[in-house]
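Below is run_29.txt, holding compact mmCIF, C-alpha atoms.
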# COMPACT_ATOMS: atom_id res chain seq x y z
CA MET A 1 -30.15 -19.93 169.80
CA THR A 2 -31.13 -16.29 169.40
CA SER A 3 -31.23 -13.79 166.55
CA THR A 4 -31.52 -10.73 168.81
CA MET A 5 -28.66 -8.29 168.26
CA VAL A 6 -26.65 -7.18 171.31
CA MET A 7 -23.93 -4.55 171.51
CA LEU A 8 -20.86 -5.12 173.66
CA ILE A 9 -19.21 -1.84 174.66
CA LEU A 10 -15.69 -2.60 175.81
CA ASN A 11 -13.51 -0.28 177.83
CA GLY A 12 -10.66 0.39 175.41
CA LYS A 13 -8.07 -0.63 177.99
CA LYS A 14 -9.59 -4.14 178.08
CA SER A 15 -10.22 -4.62 174.37
CA GLY A 16 -7.05 -6.62 173.80
CA LEU A 17 -7.84 -9.46 176.21
CA PRO A 18 -7.66 -12.68 174.15
CA LEU A 19 -10.27 -14.49 176.26
CA ILE A 20 -12.90 -11.86 175.43
CA ARG A 21 -12.28 -12.26 171.71
CA GLN A 22 -12.38 -16.05 172.00
CA THR A 23 -15.61 -16.02 174.00
CA VAL A 24 -17.34 -13.59 171.62
CA GLN A 25 -16.35 -15.77 168.68
CA MET A 26 -17.64 -18.88 170.46
CA LEU A 27 -20.99 -17.22 171.21
CA ARG A 28 -21.29 -16.03 167.62
CA GLN A 29 -20.75 -19.59 166.43
CA GLN A 30 -23.64 -20.60 168.67
CA GLY A 31 -25.86 -18.17 166.77
CA HIS A 32 -25.71 -15.06 168.95
CA LEU A 33 -25.46 -11.75 167.13
CA ILE A 34 -22.86 -9.60 168.91
CA GLU A 35 -21.49 -6.28 167.73
CA VAL A 36 -18.43 -4.96 169.56
CA ARG A 37 -17.57 -1.31 170.16
CA CYS A 38 -14.44 -0.11 172.00
CA THR A 39 -14.10 3.20 173.82
CA TRP A 40 -11.25 5.54 172.97
CA GLU A 41 -12.21 8.94 174.38
CA ALA A 42 -14.85 10.79 176.39
CA GLY A 43 -18.30 10.66 174.83
CA ASP A 44 -17.83 7.33 173.08
CA ILE A 45 -20.31 5.44 175.25
CA GLU A 46 -23.05 8.02 174.72
CA ARG A 47 -22.41 7.86 170.97
CA PHE A 48 -22.65 4.06 171.02
CA VAL A 49 -25.89 4.18 173.04
CA ARG A 50 -27.39 6.61 170.53
CA GLU A 51 -26.39 4.24 167.73
CA ALA A 52 -27.88 1.24 169.52
CA ALA A 53 -31.18 3.02 170.20
CA SER A 54 -31.50 4.32 166.64
CA ARG A 55 -30.93 0.79 165.32
CA ASN A 56 -33.34 -0.69 167.85
CA ILE A 57 -30.64 -2.83 169.49
CA ALA A 58 -32.37 -3.92 172.68
CA ARG A 59 -29.44 -5.01 174.87
CA ILE A 60 -26.11 -3.33 175.63
CA ILE A 61 -23.32 -5.03 177.58
CA ALA A 62 -20.93 -2.83 179.55
CA GLY A 63 -17.50 -4.47 179.44
CA GLY A 64 -15.37 -2.77 182.09
CA GLY A 65 -15.37 -1.75 185.74
CA ASP A 66 -17.87 0.16 187.84
CA GLY A 67 -16.94 3.38 186.03
CA THR A 68 -17.92 1.91 182.66
CA VAL A 69 -21.27 0.74 184.03
CA ASN A 70 -21.85 4.18 185.53
CA GLU A 71 -21.02 5.90 182.24
CA LEU A 72 -23.49 3.69 180.39
CA VAL A 73 -26.27 4.42 182.88
CA ASP A 74 -25.51 8.15 182.78
CA ALA A 75 -25.51 8.14 178.97
CA ILE A 76 -28.95 6.52 178.81
CA ALA A 77 -30.34 9.03 181.30
CA ASN A 78 -28.82 12.02 179.49
CA LEU A 79 -30.04 10.91 176.07
CA ARG A 80 -33.57 10.64 177.41
CA HIS A 81 -33.41 14.39 177.97
CA THR A 82 -31.55 15.42 174.82
CA GLU A 83 -32.97 12.98 172.24
CA PRO A 84 -36.79 12.98 172.70
CA ALA A 85 -37.29 11.01 169.50
CA LEU A 86 -35.31 8.12 171.03
CA VAL A 87 -36.96 8.06 174.47
CA HIS A 88 -39.25 5.09 173.80
CA LEU A 89 -36.30 3.11 172.40
CA LEU A 90 -34.00 4.09 175.28
CA ASP A 91 -36.64 3.03 177.79
CA ASN A 92 -36.60 -0.47 176.31
CA ILE A 93 -32.82 -0.93 176.30
CA GLU A 94 -31.58 -3.63 178.65
CA ILE A 95 -28.10 -3.32 180.09
CA ALA A 96 -25.86 -6.20 181.13
CA ILE A 97 -22.43 -6.30 182.71
CA LEU A 98 -19.16 -7.99 181.79
CA PRO A 99 -17.07 -7.20 184.90
CA LEU A 100 -13.52 -6.28 183.90
CA GLY A 101 -12.56 -3.79 186.61
CA THR A 102 -10.29 -4.10 189.61
CA ALA A 103 -13.00 -4.35 192.26
CA ASN A 104 -16.27 -4.84 190.31
CA ASP A 105 -18.21 -3.87 193.43
CA PHE A 106 -21.56 -3.44 191.73
CA ALA A 107 -21.37 -6.72 189.80
CA THR A 108 -20.19 -8.57 192.90
CA ALA A 109 -23.12 -7.32 194.97
CA CYS A 110 -25.48 -8.38 192.16
CA LEU A 111 -23.90 -11.88 192.08
CA ILE A 112 -22.94 -11.38 188.44
CA PRO A 113 -20.07 -13.80 187.69
CA THR A 114 -16.64 -12.29 187.14
CA GLU A 115 -15.42 -15.14 184.92
CA ILE A 116 -15.61 -13.91 181.32
CA GLU A 117 -17.45 -16.79 179.67
CA ALA A 118 -20.03 -17.08 182.46
CA ALA A 119 -20.55 -13.32 182.57
CA LEU A 120 -21.03 -12.99 178.81
CA THR A 121 -23.38 -15.96 178.72
CA LEU A 122 -25.52 -14.36 181.43
CA ALA A 123 -25.30 -10.98 179.70
CA ILE A 124 -26.69 -12.43 176.47
CA SER A 125 -29.18 -14.99 177.76
CA GLY A 126 -30.22 -13.71 181.20
CA SER A 127 -33.45 -11.93 182.10
CA ALA A 128 -33.64 -8.20 182.73
CA TYR A 129 -35.33 -6.64 185.76
CA LYS A 130 -36.47 -3.09 186.46
CA VAL A 131 -34.08 -1.44 188.94
CA ASP A 132 -33.62 2.02 190.41
CA MET A 133 -31.12 4.62 189.34
CA ALA A 134 -29.88 7.57 191.40
CA GLN A 135 -29.42 11.18 190.33
CA ALA A 136 -26.85 13.54 191.84
CA ASN A 137 -27.52 17.10 190.66
CA ASP A 138 -27.41 16.65 186.86
CA ARG A 139 -25.48 13.38 186.87
CA HIS A 140 -26.56 9.77 187.42
CA PHE A 141 -25.19 6.64 189.04
CA ILE A 142 -26.37 3.14 189.81
CA ASN A 143 -24.14 1.97 192.67
CA VAL A 144 -22.67 4.30 195.32
CA ALA A 145 -21.77 7.96 195.68
CA SER A 146 -19.25 8.80 198.40
CA ALA A 147 -19.05 12.34 199.77
CA GLY A 148 -16.42 14.12 201.85
CA PHE A 149 -13.37 12.39 203.24
CA GLY A 150 -14.06 9.07 201.54
CA ALA A 151 -14.26 10.72 198.11
CA GLN A 152 -10.77 12.21 198.12
CA ILE A 153 -8.41 9.67 199.69
CA THR A 154 -6.83 6.40 198.68
CA VAL A 155 -5.97 4.33 201.70
CA GLU A 156 -3.22 1.71 201.79
CA THR A 157 -4.70 -0.71 204.26
CA PRO A 158 -2.35 -2.99 206.24
CA VAL A 159 -2.72 -6.67 205.37
CA GLU A 160 -3.21 -7.51 209.05
CA LEU A 161 -6.22 -5.21 209.23
CA LYS A 162 -7.71 -6.79 206.11
CA ASP A 163 -7.30 -10.24 207.62
CA LEU A 164 -8.94 -9.13 210.87
CA LEU A 165 -11.84 -7.10 209.54
CA GLY A 166 -12.34 -8.19 205.92
CA GLY A 167 -14.32 -5.82 203.72
CA GLN A 168 -14.57 -3.12 206.38
CA ALA A 169 -10.79 -2.74 206.67
CA TYR A 170 -10.42 -0.06 204.00
CA PHE A 171 -13.16 2.00 205.56
CA ILE A 172 -11.92 1.68 209.13
CA SER A 173 -8.29 2.42 208.29
CA GLY A 174 -9.52 5.50 206.51
CA LEU A 175 -11.36 6.59 209.62
CA ILE A 176 -8.17 6.30 211.64
CA GLN A 177 -6.47 8.64 209.17
CA ALA A 178 -9.52 10.89 209.38
CA LEU A 179 -8.56 11.90 212.91
CA ASN A 180 -6.28 14.55 211.42
CA PHE A 181 -8.74 15.55 208.72
CA THR A 182 -10.68 18.83 208.89
CA PRO A 183 -14.39 17.95 208.79
CA TYR A 184 -16.89 19.52 206.43
CA GLN A 185 -19.33 21.98 207.97
CA GLY A 186 -22.83 22.13 206.61
CA LYS A 187 -26.41 20.92 206.59
CA ILE A 188 -28.14 17.72 205.52
CA THR A 189 -31.82 17.63 204.57
CA ALA A 190 -33.49 14.32 203.78
CA MET A 191 -36.91 12.92 202.98
CA LEU A 192 -37.14 9.53 204.66
CA ALA A 193 -38.86 6.45 203.32
CA ASP A 194 -42.09 7.35 205.15
CA GLY A 195 -42.12 10.90 203.78
CA GLN A 196 -40.82 12.52 206.98
CA LEU A 197 -38.48 15.46 206.38
CA ILE A 198 -35.42 15.72 208.65
CA GLU A 199 -32.59 18.23 208.92
CA GLN A 200 -29.16 17.92 210.55
CA GLN A 201 -26.42 20.52 210.92
CA GLY A 202 -22.84 20.16 212.10
CA ALA A 203 -19.45 18.75 211.19
CA GLY A 204 -19.24 15.58 209.13
CA LEU A 205 -16.48 13.43 207.71
CA LEU A 206 -18.22 11.47 205.01
CA GLY A 207 -21.43 10.19 203.58
CA ALA A 208 -22.21 7.24 201.34
CA ILE A 209 -25.36 7.39 199.25
CA CYS A 210 -26.07 3.84 198.18
CA ASN A 211 -28.31 2.31 195.56
CA GLY A 212 -26.10 -0.79 195.56
CA ARG A 213 -24.33 -2.43 198.49
CA LEU A 214 -20.56 -2.41 197.98
CA ALA A 215 -17.88 0.18 197.19
CA GLY A 216 -14.15 0.75 197.64
CA GLY A 217 -13.11 -2.82 196.93
CA GLY A 218 -15.74 -4.74 198.86
CA GLN A 219 -16.76 -2.36 201.65
CA LYS A 220 -20.25 -3.32 202.77
CA LEU A 221 -21.56 0.20 203.04
CA ALA A 222 -25.22 -0.79 202.69
CA PRO A 223 -25.45 -4.58 203.02
CA ASN A 224 -29.25 -4.54 203.10
CA ALA A 225 -29.78 -2.21 200.13
CA LEU A 226 -32.14 -3.33 197.36
CA LEU A 227 -32.03 -2.16 193.76
CA ASN A 228 -35.78 -2.03 193.31
CA ASP A 229 -37.18 -0.59 196.55
CA GLY A 230 -37.41 3.01 195.40
CA LEU A 231 -35.04 4.15 198.17
CA LEU A 232 -31.42 5.12 198.74
CA ASP A 233 -29.53 3.74 201.74
CA VAL A 234 -27.39 6.44 203.33
CA LEU A 235 -24.42 6.04 205.68
CA LEU A 236 -23.28 9.17 207.54
CA VAL A 237 -20.21 9.53 209.76
CA LYS A 238 -19.99 12.60 211.99
CA HIS A 239 -16.76 14.18 213.16
CA PHE A 240 -15.43 12.29 216.19
CA PRO A 241 -12.60 12.70 218.74
CA SER A 242 -9.66 10.30 218.89
CA SER A 243 -11.05 8.85 222.11
CA ALA A 244 -14.11 7.59 220.18
CA VAL A 245 -12.34 5.52 217.51
CA LYS A 246 -13.34 2.19 219.05
CA GLN A 247 -16.94 3.34 219.41
CA VAL A 248 -17.02 4.46 215.76
CA ILE A 249 -15.64 1.10 214.63
CA ASP A 250 -18.26 -0.71 216.70
CA GLU A 251 -21.00 1.44 215.22
CA LEU A 252 -19.73 0.77 211.69
CA LEU A 253 -19.57 -2.98 212.18
CA ASN A 254 -23.07 -3.16 213.68
CA ILE A 255 -25.14 -2.56 210.55
CA ASN A 256 -28.39 -2.45 212.55
CA LEU A 257 -27.17 0.29 214.91
CA ASP A 258 -27.92 3.98 214.48
CA GLY A 259 -25.21 5.30 216.78
CA GLU A 260 -23.81 8.53 218.15
CA TYR A 261 -21.36 9.04 215.29
CA VAL A 262 -22.60 6.66 212.59
CA SER A 263 -26.11 7.11 211.18
CA ARG A 264 -27.96 4.96 208.67
CA LEU A 265 -31.02 6.21 206.81
CA GLN A 266 -33.29 5.09 204.03
CA VAL A 267 -34.35 8.08 201.98
CA GLN A 268 -36.26 9.13 198.89
CA ASN A 269 -33.88 12.04 198.51
CA ILE A 270 -31.14 13.83 200.44
CA THR A 271 -29.33 17.15 200.05
CA PHE A 272 -25.84 18.04 201.30
CA GLU A 273 -25.03 21.74 201.65
CA SER A 274 -21.50 22.67 202.79
CA THR A 275 -19.61 25.87 203.50
CA GLN A 276 -16.80 24.74 201.18
CA PRO A 277 -16.94 22.66 197.99
CA LEU A 278 -17.74 19.08 198.93
CA PRO A 279 -16.02 16.38 196.85
CA VAL A 280 -18.29 13.55 195.70
CA ASN A 281 -17.32 10.39 193.85
CA LEU A 282 -20.05 8.86 191.67
CA ASP A 283 -19.03 5.26 190.95
CA GLY A 284 -15.51 6.51 190.22
CA GLU A 285 -16.46 9.83 188.59
CA PRO A 286 -15.39 12.83 190.74
CA THR A 287 -17.33 16.07 191.15
CA SER A 288 -17.35 18.92 193.66
CA HIS A 289 -20.06 21.46 194.59
CA LEU A 290 -21.35 23.46 197.54
CA LYS A 291 -24.72 21.70 197.18
CA HIS A 292 -25.43 18.12 196.17
CA HIS A 293 -28.97 16.84 195.78
CA PHE A 294 -29.43 13.07 195.53
CA THR A 295 -32.70 11.47 194.55
CA VAL A 296 -33.82 8.00 193.58
CA MET A 297 -35.33 7.29 190.16
CA PRO A 298 -37.45 4.15 190.63
CA ASN A 299 -37.52 1.47 187.92
CA ALA A 300 -35.38 3.61 185.60
CA ILE A 301 -33.05 0.92 184.21
CA ASN A 302 -33.55 -2.59 182.81
CA LEU A 303 -30.67 -4.61 184.26
CA VAL A 304 -29.75 -8.21 183.46
CA LEU A 305 -29.29 -10.15 186.70
CA PRO A 306 -28.94 -13.78 187.75
CA GLN A 307 -32.25 -15.40 188.56
CA GLY A 308 -33.11 -15.01 192.25
CA SER A 309 -30.52 -12.30 192.87
CA SER A 310 -30.74 -11.25 196.52
CA ILE A 311 -30.26 -7.60 195.64
CA LEU A 312 -33.84 -7.52 194.36
CA GLY A 313 -36.72 -7.19 196.80

If you took the structure in this file and wrote it as structure tokens, what would it be?
Amino acid sequence: MTSTMVMLILNGKKSGLPLIRQTVQMLRQQGHLIEVRCTWEAGDIERFVREAASRNIARIIAGGGDGTVNELVDAIANLRHTEPALVHLLDNIEIAILPLGTANDFATACLIPTEIEAALTLAISGSAYKVDMAQANDRHFINVASAGFGAQITVETPVELKDLLGGQAYFISGLIQALNFTPYQGKITAMLADGQLIEQQGAGLLGAICNGRLAGGGQKLAPNALLNDGLLDVLLVKHFPSSAVKQVIDELLNINLDGEYVSRLQVQNITFESTQPLPVNLDGEPTSHLKHHFTVMPNAINLVLPQGSSILG
């Protein structure tokens, strides 16, 4: 039994699901105080977060897919800058997740249940942990940002390839299509985990800047990433000739290999500078600039997770 108020922010497209209504009513009957808000248009989530903070509501549940979670995180970060009177309240807000998206990559990597009753029960009763957030220029995300080729295509992966390679199939089939794709020219500057500064120039196909582990419907882009290590795990794929496809696939599948075409880094921050606008997808939110600076914001979010979640160090 609890008397602590929580706010459930539902993606408007999911608000009509009968099981959500039934589960909320059941939890209310058990004594839980749940207020429900549904999104209708851009800016709704930030408005709901402002309301929650001003009323000292300590826990917000994001009911939707990875994009809804990202919008909630971004709203909290933005309000910290624009509403100084609410900063101490925003810092104390705990966020929880009711996964209602197609892939739910972030929730899956966190071992948050996708069944509605189990997810809502955890969201209301589970413990919150300090986790990192990432910043990309003036925007924020909590899972994965994909840059370049991976940010602007949707690949229809053959079933046979999915059966053979599992979660890597989407990524690998995309690489095969990338053979006819013009690479992005530019420079990458990164500060590694040990403080060393490195710089690379040349032609690249894509980069994945990961705070979480999964993206694109279960791709294990950073299977060893931790949410509370103060670092971003980066996957880089350089331009490669058609004769090197097998080598690139081998390098992708071997997560401990830093190969000729596939590089893996752990960084405090990283900057992409390109000669043409580089598309970047932040947990489903697209953007495009000549320069993208990514940095980690340690312990910036209070996230409700299952006890013993392996994504925590």

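Atom to atom, CA of Ala58 in chain A and CA of Leu89 in chain A stand 8.1 Å apart.
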
Just give me the gap between CA of Asn254 in chain A and CA of Phe240 in chain A in Å, one decimal is fine.
17.4 Å

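CA of Ser263 in chain A is found 16.5 Å from CA of Pro241 in chain A.
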
Show me as a tab-separated table (two decimals) with C-alpha atoms, keeping the file's coordinate frame the residues that reach within 10 Å of (-20.8, -4.4, 178.6), counting all atoms listed in the file and using the file's own coordinates.
chain	number	residue	atom	x	y	z
A	6	VAL	CA	-26.65	-7.18	171.31
A	7	MET	CA	-23.93	-4.55	171.51
A	8	LEU	CA	-20.86	-5.12	173.66
A	9	ILE	CA	-19.21	-1.84	174.66
A	10	LEU	CA	-15.69	-2.60	175.81
A	11	ASN	CA	-13.51	-0.28	177.83
A	36	VAL	CA	-18.43	-4.96	169.56
A	37	ARG	CA	-17.57	-1.31	170.16
A	59	ARG	CA	-29.44	-5.01	174.87
A	60	ILE	CA	-26.11	-3.33	175.63
A	61	ILE	CA	-23.32	-5.03	177.58
A	62	ALA	CA	-20.93	-2.83	179.55
A	63	GLY	CA	-17.50	-4.47	179.44
A	64	GLY	CA	-15.37	-2.77	182.09
A	65	GLY	CA	-15.37	-1.75	185.74
A	68	THR	CA	-17.92	1.91	182.66
A	69	VAL	CA	-21.27	0.74	184.03
A	72	LEU	CA	-23.49	3.69	180.39
A	95	ILE	CA	-28.10	-3.32	180.09
A	96	ALA	CA	-25.86	-6.20	181.13
A	97	ILE	CA	-22.43	-6.30	182.71
A	98	LEU	CA	-19.16	-7.99	181.79
A	99	PRO	CA	-17.07	-7.20	184.90
A	100	LEU	CA	-13.52	-6.28	183.90
A	119	ALA	CA	-20.55	-13.32	182.57
A	120	LEU	CA	-21.03	-12.99	178.81
A	123	ALA	CA	-25.30	-10.98	179.70

Set the distance at 12 Å and use only C-alpha atoms: which residues neighbour Thr287 in chain A once local chain neighbours fewer than 3 positions away are removed? I'd like the list as a VMD selection string.
chain A and resid 136 to 140 145 to 148 151 to 152 277 to 284 290 to 292

Around the point (-24.7, -1.1, 214.1) in the file's coordinates, collect all residues with an atom within 12 Å, using all atoms listed in the file, and return them as an NGL selection string.
:A and (221-223 or 235 or 247-264)

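The residue that comes closest to Ile57 in chain A, out of A:Leu111, A:Leu17, A:Ala203, A:Ile93 and on the basis of only C-alpha atoms, is A:Ile93.
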
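Shortest separation to Leu312 in chain A among A:Ser243, A:Thr4, A:Thr189, A:Asn228 occurs at residue A:Asn228, atoms counted being all atoms listed in the file.
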
Nearest to Leu192 in chain A: which of A:Ile209, A:Val234, A:Val267, A:Ala118 is it, counting all atoms listed in the file?
A:Val267

Give the answer as one residue: which of A:Thr39, A:Ser127, A:Ser309, A:Asn143 has the shortest atom-to-atom distance to Val73 in chain A, using all atoms listed in the file?
A:Asn143

Neighbours of Met133 in chain A within 10 Å (all atoms listed in the file; same-chain residues fewer than 5 positions away dropped), as a count of residues only?
21

Give me the residues near Cys110 in chain A as a PDB file with C-alpha atoms, in the coordinates of the input, where near means some atom within 8 Å (using all atoms listed in the file) and where sequence neighbours in that chain fewer than 2 positions away do not count.
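Result went into selection07.pdb, see below:
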ATOM      1  CA  PHE A 106     -21.560  -3.440 191.730  1.00  0.00           C
ATOM      2  CA  ALA A 107     -21.370  -6.720 189.800  1.00  0.00           C
ATOM      3  CA  THR A 108     -20.190  -8.570 192.900  1.00  0.00           C
ATOM      4  CA  ILE A 112     -22.940 -11.380 188.440  1.00  0.00           C
ATOM      5  CA  LEU A 305     -29.290 -10.150 186.700  1.00  0.00           C
ATOM      6  CA  PRO A 306     -28.940 -13.780 187.750  1.00  0.00           C
ATOM      7  CA  SER A 309     -30.520 -12.300 192.870  1.00  0.00           C
ATOM      8  CA  SER A 310     -30.740 -11.250 196.520  1.00  0.00           C
ATOM      9  CA  ILE A 311     -30.260  -7.600 195.640  1.00  0.00           C
TER      10      ILE A 311
END

Given only C-alpha atoms as the counted atoms, nearest of A:Gly186, A:Met191, A:Glu94, A:Ala215 to Gln276 in chain A:
A:Gly186

Give me, as an MDAnalysis selection string, all polymer residues having an atom no more than 12 Å from His88 in chain A, counting only C-alpha atoms and skipping those fewer than 2 positions away in the same chain.
chainID A and resid 53:54 56 58 76 79:81 83:86 90:93

May I ask you to restore N, CA and C atoms in range 62-93 of chain A and write the result as a CSV table (one decimal), in the coordinates of the input?
chain,number,residue,atom,x,y,z
A,62,ALA,N,-22.0,-3.7,179.1
A,62,ALA,CA,-20.9,-2.8,179.6
A,62,ALA,C,-19.8,-3.7,180.0
A,63,GLY,N,-18.7,-3.7,179.2
A,63,GLY,CA,-17.5,-4.5,179.4
A,63,GLY,C,-16.4,-3.6,180.1
A,64,GLY,N,-16.3,-3.6,181.4
A,64,GLY,CA,-15.4,-2.8,182.1
A,64,GLY,C,-15.7,-2.8,183.6
A,65,GLY,N,-15.2,-1.8,184.3
A,65,GLY,CA,-15.4,-1.8,185.7
A,65,GLY,C,-16.6,-1.0,186.1
A,66,ASP,N,-16.7,-0.6,187.4
A,66,ASP,CA,-17.9,0.2,187.8
A,66,ASP,C,-18.0,1.5,187.1
A,67,GLY,N,-16.9,2.1,186.7
A,67,GLY,CA,-16.9,3.4,186.0
A,67,GLY,C,-17.6,3.2,184.7
A,68,THR,N,-17.3,2.1,184.0
A,68,THR,CA,-17.9,1.9,182.7
A,68,THR,C,-19.4,1.7,182.8
A,69,VAL,N,-19.8,0.9,183.8
A,69,VAL,CA,-21.3,0.7,184.0
A,69,VAL,C,-21.9,2.1,184.3
A,70,ASN,N,-21.3,2.9,185.2
A,70,ASN,CA,-21.8,4.2,185.5
A,70,ASN,C,-22.0,5.1,184.3
A,71,GLU,N,-21.0,5.1,183.4
A,71,GLU,CA,-21.0,5.9,182.2
A,71,GLU,C,-22.1,5.5,181.3
A,72,LEU,N,-22.4,4.2,181.2
A,72,LEU,CA,-23.5,3.7,180.4
A,72,LEU,C,-24.8,4.1,180.9
A,73,VAL,N,-25.0,4.0,182.2
A,73,VAL,CA,-26.3,4.4,182.9
A,73,VAL,C,-26.5,5.9,182.7
A,74,ASP,N,-25.4,6.7,182.9
A,74,ASP,CA,-25.5,8.2,182.8
A,74,ASP,C,-25.8,8.5,181.3
A,75,ALA,N,-25.3,7.8,180.4
A,75,ALA,CA,-25.5,8.1,179.0
A,75,ALA,C,-27.0,7.9,178.6
A,76,ILE,N,-27.5,6.8,179.1
A,76,ILE,CA,-29.0,6.5,178.8
A,76,ILE,C,-29.8,7.6,179.4
A,77,ALA,N,-29.5,8.0,180.6
A,77,ALA,CA,-30.3,9.0,181.3
A,77,ALA,C,-30.2,10.4,180.6
A,78,ASN,N,-29.0,10.7,180.2
A,78,ASN,CA,-28.8,12.0,179.5
A,78,ASN,C,-29.5,12.0,178.1
A,79,LEU,N,-29.4,11.0,177.4
A,79,LEU,CA,-30.0,10.9,176.1
A,79,LEU,C,-31.6,11.0,176.2
A,80,ARG,N,-32.1,10.5,177.2
A,80,ARG,CA,-33.6,10.6,177.4
A,80,ARG,C,-34.0,12.1,177.4
A,81,HIS,N,-33.1,13.0,177.9
A,81,HIS,CA,-33.4,14.4,178.0
A,81,HIS,C,-33.1,15.1,176.7
A,82,THR,N,-32.0,14.7,176.0
A,82,THR,CA,-31.6,15.4,174.8
A,82,THR,C,-32.0,14.9,173.5
A,83,GLU,N,-32.5,13.6,173.5
A,83,GLU,CA,-33.0,13.0,172.2
A,83,GLU,C,-34.4,12.5,172.4
A,84,PRO,N,-35.4,13.4,172.4
A,84,PRO,CA,-36.8,13.0,172.7
A,84,PRO,C,-37.3,12.0,171.7
A,85,ALA,N,-36.8,12.0,170.5
A,85,ALA,CA,-37.3,11.0,169.5
A,85,ALA,C,-36.9,9.6,169.8
A,86,LEU,N,-35.8,9.4,170.7
A,86,LEU,CA,-35.3,8.1,171.0
A,86,LEU,C,-35.8,7.6,172.4
A,87,VAL,N,-36.6,8.4,173.1
A,87,VAL,CA,-37.0,8.1,174.5
A,87,VAL,C,-37.6,6.7,174.6
A,88,HIS,N,-38.6,6.4,173.7
A,88,HIS,CA,-39.2,5.1,173.8
A,88,HIS,C,-38.3,3.9,173.5
A,89,LEU,N,-37.3,4.2,172.7
A,89,LEU,CA,-36.3,3.1,172.4
A,89,LEU,C,-35.3,3.0,173.6
A,90,LEU,N,-34.9,4.1,174.1
A,90,LEU,CA,-34.0,4.1,175.3
A,90,LEU,C,-34.6,3.4,176.5
A,91,ASP,N,-35.9,3.6,176.7
A,91,ASP,CA,-36.6,3.0,177.8
A,91,ASP,C,-36.7,1.5,177.7
A,92,ASN,N,-36.5,1.0,176.5
A,92,ASN,CA,-36.6,-0.5,176.3
A,92,ASN,C,-35.2,-1.1,176.3
A,93,ILE,N,-34.2,-0.3,176.3
A,93,ILE,CA,-32.8,-0.9,176.3
A,93,ILE,C,-32.5,-1.7,177.6
